[in-house]
There are 2 protein chains.
Amino acid sequence: MEPLDTMVLLKNKQLKKTAVRSDLLAILSEKKAPCDAMELLIKLRKKYGRLNKTTVYRQLQTLTYKKILKTIELGEGKKRYELKTDHHHHLICRKCKNIKDVRLKNDLSREESIITEKYRFRVIEHSLEFFGICRNCS
Amino acid sequence: MEPLDTMVLLKNKQLKKTAVRSDLLAILSEKKAPCDAMELLIKLRKKYGRLNKTTVYRQLQTLTYKKILKTIELGEGKKRYELKTDHHHHLICRKCKNIKDVRLKNDLSREESIITEKYRFRVIEHSLEFFGICRNCS
DNA sequence: ATCTTTGCAAAAGTTTTGCATATCC
DNA sequence: GGATATGCAAAACTTTTGCAAAGAT
């Protein structure tokens, strides 16, 4: 993924460019899998020593509300966050718990049309995750 | 869905047929959408007045471990459970939060083959959820 | 008789809220 | 200056654990 232009992103969404927020977005733009709140807190604390978890949670809320981030849950009992850039799915290894982003050619638009017609349900987005055993664990 | 033969199910899995467990499975077999722990606790308490939440959580753990139930998370910050019968997906309304089961013709086996080959990731199962606006809310 | 299940209390893990202070534009 | 962001403490919410008592085969 190309480096994120945090400045532009934040201005467009009427958010202030605070140091923590920029770094949080930078971390997410470099990751190839969704992050949870604690992971972000720990990484950010290397630079912002006494950063509070509340701040992280609030940033995640705000950025999700502004549609810069997307929330997903993978059955772990906690939320994960990723940049709402290109659409992709996840491979979650049941053994090592590693998560990997993948892109599929099939964008499920046929299925979404069927759902719209048959159930009169207007699809905004979908979430598709694959659970199994990764190459390292098999 | 045809009524669940709880007796057979439990015997096959070497679980005792306790009243609470049978009723929990009965509730899930009648539902057309996945349940969370509190919903089950409240329903079960109508019959078992002082049923403890720990019991429900433990049943859910056990039945999931025995592969009678499947856990899903839909971005609500809590787990939901459903019988592991026929494979299906969910429509989640962003307004009224209603959840509906749907069956699709496409079982994504083509995508799973691609993932197996390209990433050497052995898919065990997948989870596909559609988020949008239901007919009542649009 | 033995193994499983349950209740109760306590704790753990994740996320949210209130309020005072600090920071950004 | 006025709106937004942050730190801290406390609480809310979901889920888990330890242990003793009760129940099932």
# chains A, B, ... in the order shown; residues from 1 in each chain; ligands from 1

call {"tool": "residues_around", "arguments": {"residues": "B:Lys78", "least_positions_apart": "4", "cutoff": "7 Å", "atoms": "only C-alpha atoms (C1' of nucleotides)", "output": "PyMOL selection string"}}
result
(chain A and resi 77) or (chain B and resi 73) or (chain D and resi 14)

call {"tool": "select_by_dssp", "arguments": {"residues": "chain A", "states": "helix (DSSP H, G or I)", "output": "ChimeraX atom specification"}}
result
/A:6-12,19-30,37-45,53-65,109-119

call {"tool": "interface_residues", "arguments": {"of": "chain B", "to": "chain D", "cutoff": "10 Å", "atoms": "only C-alpha atoms (C1' of nucleotides)", "output": "PyMOL selection string"}}
result
chain B and resi 16-18+37-38+53-54+57-58+77-79

call {"tool": "write_last_selection", "arguments": {"atoms": "N, CA, C and O atoms", "output": "PDB file, in the first residue's frame"}}
result
ATOM      1  N   LYS B  16     -23.398 -35.027  29.010  1.00  0.00           N
ATOM      2  CA  LYS B  16     -24.579 -35.428  29.765  1.00  0.00           C
ATOM      3  C   LYS B  16     -25.780 -34.595  29.352  1.00  0.00           C
ATOM      4  O   LYS B  16     -25.639 -33.421  28.999  1.00  0.00           O
ATOM      5  N   LYS B  17     -26.951 -35.226  29.430  1.00  0.00           N
ATOM      6  CA  LYS B  17     -28.158 -34.520  29.020  1.00  0.00           C
ATOM      7  C   LYS B  17     -28.769 -33.803  30.218  1.00  0.00           C
ATOM      8  O   LYS B  17     -29.672 -34.297  30.872  1.00  0.00           O
ATOM      9  N   THR B  18     -28.226 -32.637  30.502  1.00  0.00           N
ATOM     10  CA  THR B  18     -28.793 -31.878  31.603  1.00  0.00           C
ATOM     11  C   THR B  18     -29.932 -31.025  31.076  1.00  0.00           C
ATOM     12  O   THR B  18     -30.002 -30.714  29.888  1.00  0.00           O
ATOM     13  N   ALA B  37     -24.836 -14.368  25.001  1.00  0.00           N
ATOM     14  CA  ALA B  37     -24.938 -15.068  26.280  1.00  0.00           C
ATOM     15  C   ALA B  37     -26.073 -14.530  27.159  1.00  0.00           C
ATOM     16  O   ALA B  37     -26.822 -15.299  27.759  1.00  0.00           O
ATOM     17  N   MET B  38     -26.221 -13.219  27.209  1.00  0.00           N
ATOM     18  CA  MET B  38     -27.238 -12.620  28.082  1.00  0.00           C
ATOM     19  C   MET B  38     -28.651 -12.959  27.627  1.00  0.00           C
ATOM     20  O   MET B  38     -29.525 -13.211  28.443  1.00  0.00           O
ATOM     21  N   LYS B  53     -24.993 -16.915  35.339  1.00  0.00           N
ATOM     22  CA  LYS B  53     -24.404 -16.599  34.031  1.00  0.00           C
ATOM     23  C   LYS B  53     -23.185 -17.461  33.744  1.00  0.00           C
ATOM     24  O   LYS B  53     -22.910 -17.813  32.606  1.00  0.00           O
ATOM     25  N   THR B  54     -22.458 -17.806  34.811  1.00  0.00           N
ATOM     26  CA  THR B  54     -21.284 -18.664  34.624  1.00  0.00           C
ATOM     27  C   THR B  54     -21.660 -19.975  33.946  1.00  0.00           C
ATOM     28  O   THR B  54     -20.945 -20.477  33.088  1.00  0.00           O
ATOM     29  N   TYR B  57     -22.163 -19.317  30.233  1.00  0.00           N
ATOM     30  CA  TYR B  57     -20.877 -19.149  29.561  1.00  0.00           C
ATOM     31  C   TYR B  57     -20.136 -20.474  29.438  1.00  0.00           C
ATOM     32  O   TYR B  57     -19.492 -20.748  28.432  1.00  0.00           O
ATOM     33  N   ARG B  58     -20.231 -21.293  30.488  1.00  0.00           N
ATOM     34  CA  ARG B  58     -19.522 -22.566  30.421  1.00  0.00           C
ATOM     35  C   ARG B  58     -20.165 -23.525  29.430  1.00  0.00           C
ATOM     36  O   ARG B  58     -19.475 -24.237  28.707  1.00  0.00           O
ATOM     37  N   GLY B  77     -18.816  -6.120  20.063  1.00  0.00           N
ATOM     38  CA  GLY B  77     -18.041  -6.258  21.284  1.00  0.00           C
ATOM     39  C   GLY B  77     -18.481  -7.421  22.151  1.00  0.00           C
ATOM     40  O   GLY B  77     -18.208  -7.451  23.339  1.00  0.00           O
ATOM     41  N   LYS B  78     -19.183  -8.342  21.571  1.00  0.00           N
ATOM     42  CA  LYS B  78     -19.570  -9.547  22.311  1.00  0.00           C
ATOM     43  C   LYS B  78     -19.743 -10.704  21.335  1.00  0.00           C
ATOM     44  O   LYS B  78     -19.862 -10.489  20.131  1.00  0.00           O
ATOM     45  N   LYS B  79     -19.740 -11.903  21.876  1.00  0.00           N
ATOM     46  CA  LYS B  79     -19.841 -13.079  21.018  1.00  0.00           C
ATOM     47  C   LYS B  79     -21.284 -13.502  20.846  1.00  0.00           C
ATOM     48  O   LYS B  79     -22.107 -13.303  21.733  1.00  0.00           O
TER      49      LYS B  79
END

call {"tool": "select_by_dssp", "arguments": {"residues": "chain A", "states": "strand (DSSP E)", "output": "PyMOL selection string"}}
result
chain A and resi 35-36+69-73+79-83+89-93+99-102+122-133

call {"tool": "interface_residues", "arguments": {"of": "chain B", "to": "chain C", "cutoff": "8 Å", "atoms": "only C-alpha atoms (C1' of nucleotides)", "output": "short mmCIF file (atom, residue, chain, number, x, y, z; two decimals) with all heavy atoms, in the first residue's frame"}}
result
data_model
loop_
_atom_site.label_atom_id
_atom_site.label_comp_id
_atom_site.auth_asym_id
_atom_site.auth_seq_id
_atom_site.Cartn_x
_atom_site.Cartn_y
_atom_site.Cartn_z
N LYS B 16 -23.40 -35.03 29.01
CA LYS B 16 -24.58 -35.43 29.77
C LYS B 16 -25.78 -34.59 29.35
O LYS B 16 -25.64 -33.42 29.00
CB LYS B 16 -24.33 -35.25 31.26
CG LYS B 16 -23.32 -36.24 31.76
CD LYS B 16 -23.13 -36.14 33.26
CE LYS B 16 -22.08 -37.17 33.69
NZ LYS B 16 -21.80 -37.07 35.12
N LEU B 51 -30.63 -19.47 37.58
CA LEU B 51 -29.52 -19.92 36.74
C LEU B 51 -28.43 -18.85 36.71
O LEU B 51 -28.70 -17.66 36.56
CB LEU B 51 -30.02 -20.17 35.32
CG LEU B 51 -28.98 -20.73 34.35
CD1 LEU B 51 -28.60 -22.16 34.71
CD2 LEU B 51 -29.49 -20.67 32.92
N ASN B 52 -27.20 -19.29 36.85
CA ASN B 52 -26.07 -18.37 36.91
C ASN B 52 -25.48 -18.13 35.53
O ASN B 52 -25.42 -19.02 34.70
CB ASN B 52 -25.02 -18.95 37.85
CG ASN B 52 -24.06 -17.89 38.31
OD1 ASN B 52 -23.11 -17.59 37.62
ND2 ASN B 52 -24.33 -17.30 39.46
N THR B 55 -22.80 -20.51 34.34
CA THR B 55 -23.26 -21.77 33.75
C THR B 55 -23.49 -21.60 32.25
O THR B 55 -23.07 -22.44 31.46
CB THR B 55 -24.56 -22.24 34.43
OG1 THR B 55 -24.29 -22.40 35.83
CG2 THR B 55 -25.05 -23.53 33.85
#

call {"tool": "closest_atom_pairs", "arguments": {"of": "chain B", "to": "chain A", "cutoff": "8 Å", "atoms": "only C-alpha atoms", "output": "CSV"}}
result
residue,atom,partner,partner_atom,distance
B:Thr71,CA,A:Gly75,CA,7.0
B:Ile72,CA,A:Gly75,CA,6.1
B:Glu73,CA,A:Gly75,CA,5.7
B:Leu74,CA,A:Glu73,CA,6.7
B:Gly75,CA,A:Glu73,CA,5.7
B:Gly77,CA,A:Lys78,CA,6.4
B:Lys78,CA,A:Gly77,CA,6.4
B:Lys79,CA,A:Gly77,CA,6.9
B:Leu91,CA,A:Phe121,CA,7.8
B:Leu104,CA,A:Glu111,CA,7.4
B:Asn106,CA,A:Glu111,CA,7.9
B:Glu111,CA,A:Leu104,CA,7.4
B:Tyr119,CA,A:Arg135,CA,7.3
B:Arg120,CA,A:Arg135,CA,5.2
B:Phe121,CA,A:Cys134,CA,4.5
B:Arg122,CA,A:Ile133,CA,5.1
B:Val123,CA,A:Gly132,CA,4.3
B:Ile124,CA,A:Gly132,CA,4.6
B:Glu125,CA,A:Phe131,CA,5.4
B:His126,CA,A:Phe130,CA,4.3
B:Ser127,CA,A:Glu129,CA,5.3
B:Leu128,CA,A:Leu128,CA,4.4
B:Glu129,CA,A:Ser127,CA,5.2
B:Phe130,CA,A:His126,CA,4.3
B:Phe131,CA,A:Glu125,CA,5.4
B:Gly132,CA,A:Val123,CA,4.3
B:Ile133,CA,A:Arg122,CA,5.2
B:Cys134,CA,A:Phe121,CA,4.5
B:Arg135,CA,A:Arg120,CA,5.2

call {"tool": "atom_distance", "arguments": {"atom1": "atom CA of A:Leu40", "atom2": "atom CA of A:Ser22"}}
result
12.4 Å

call {"tool": "atom_distance", "arguments": {"atom1": "atom CA of B:Leu83", "atom2": "atom CA of B:Arg21"}}
result
13.0 Å

call {"tool": "atom_distance", "arguments": {"atom1": "atom CA of B:Asp23", "atom2": "atom CA of B:Leu44"}}
result
7.4 Å
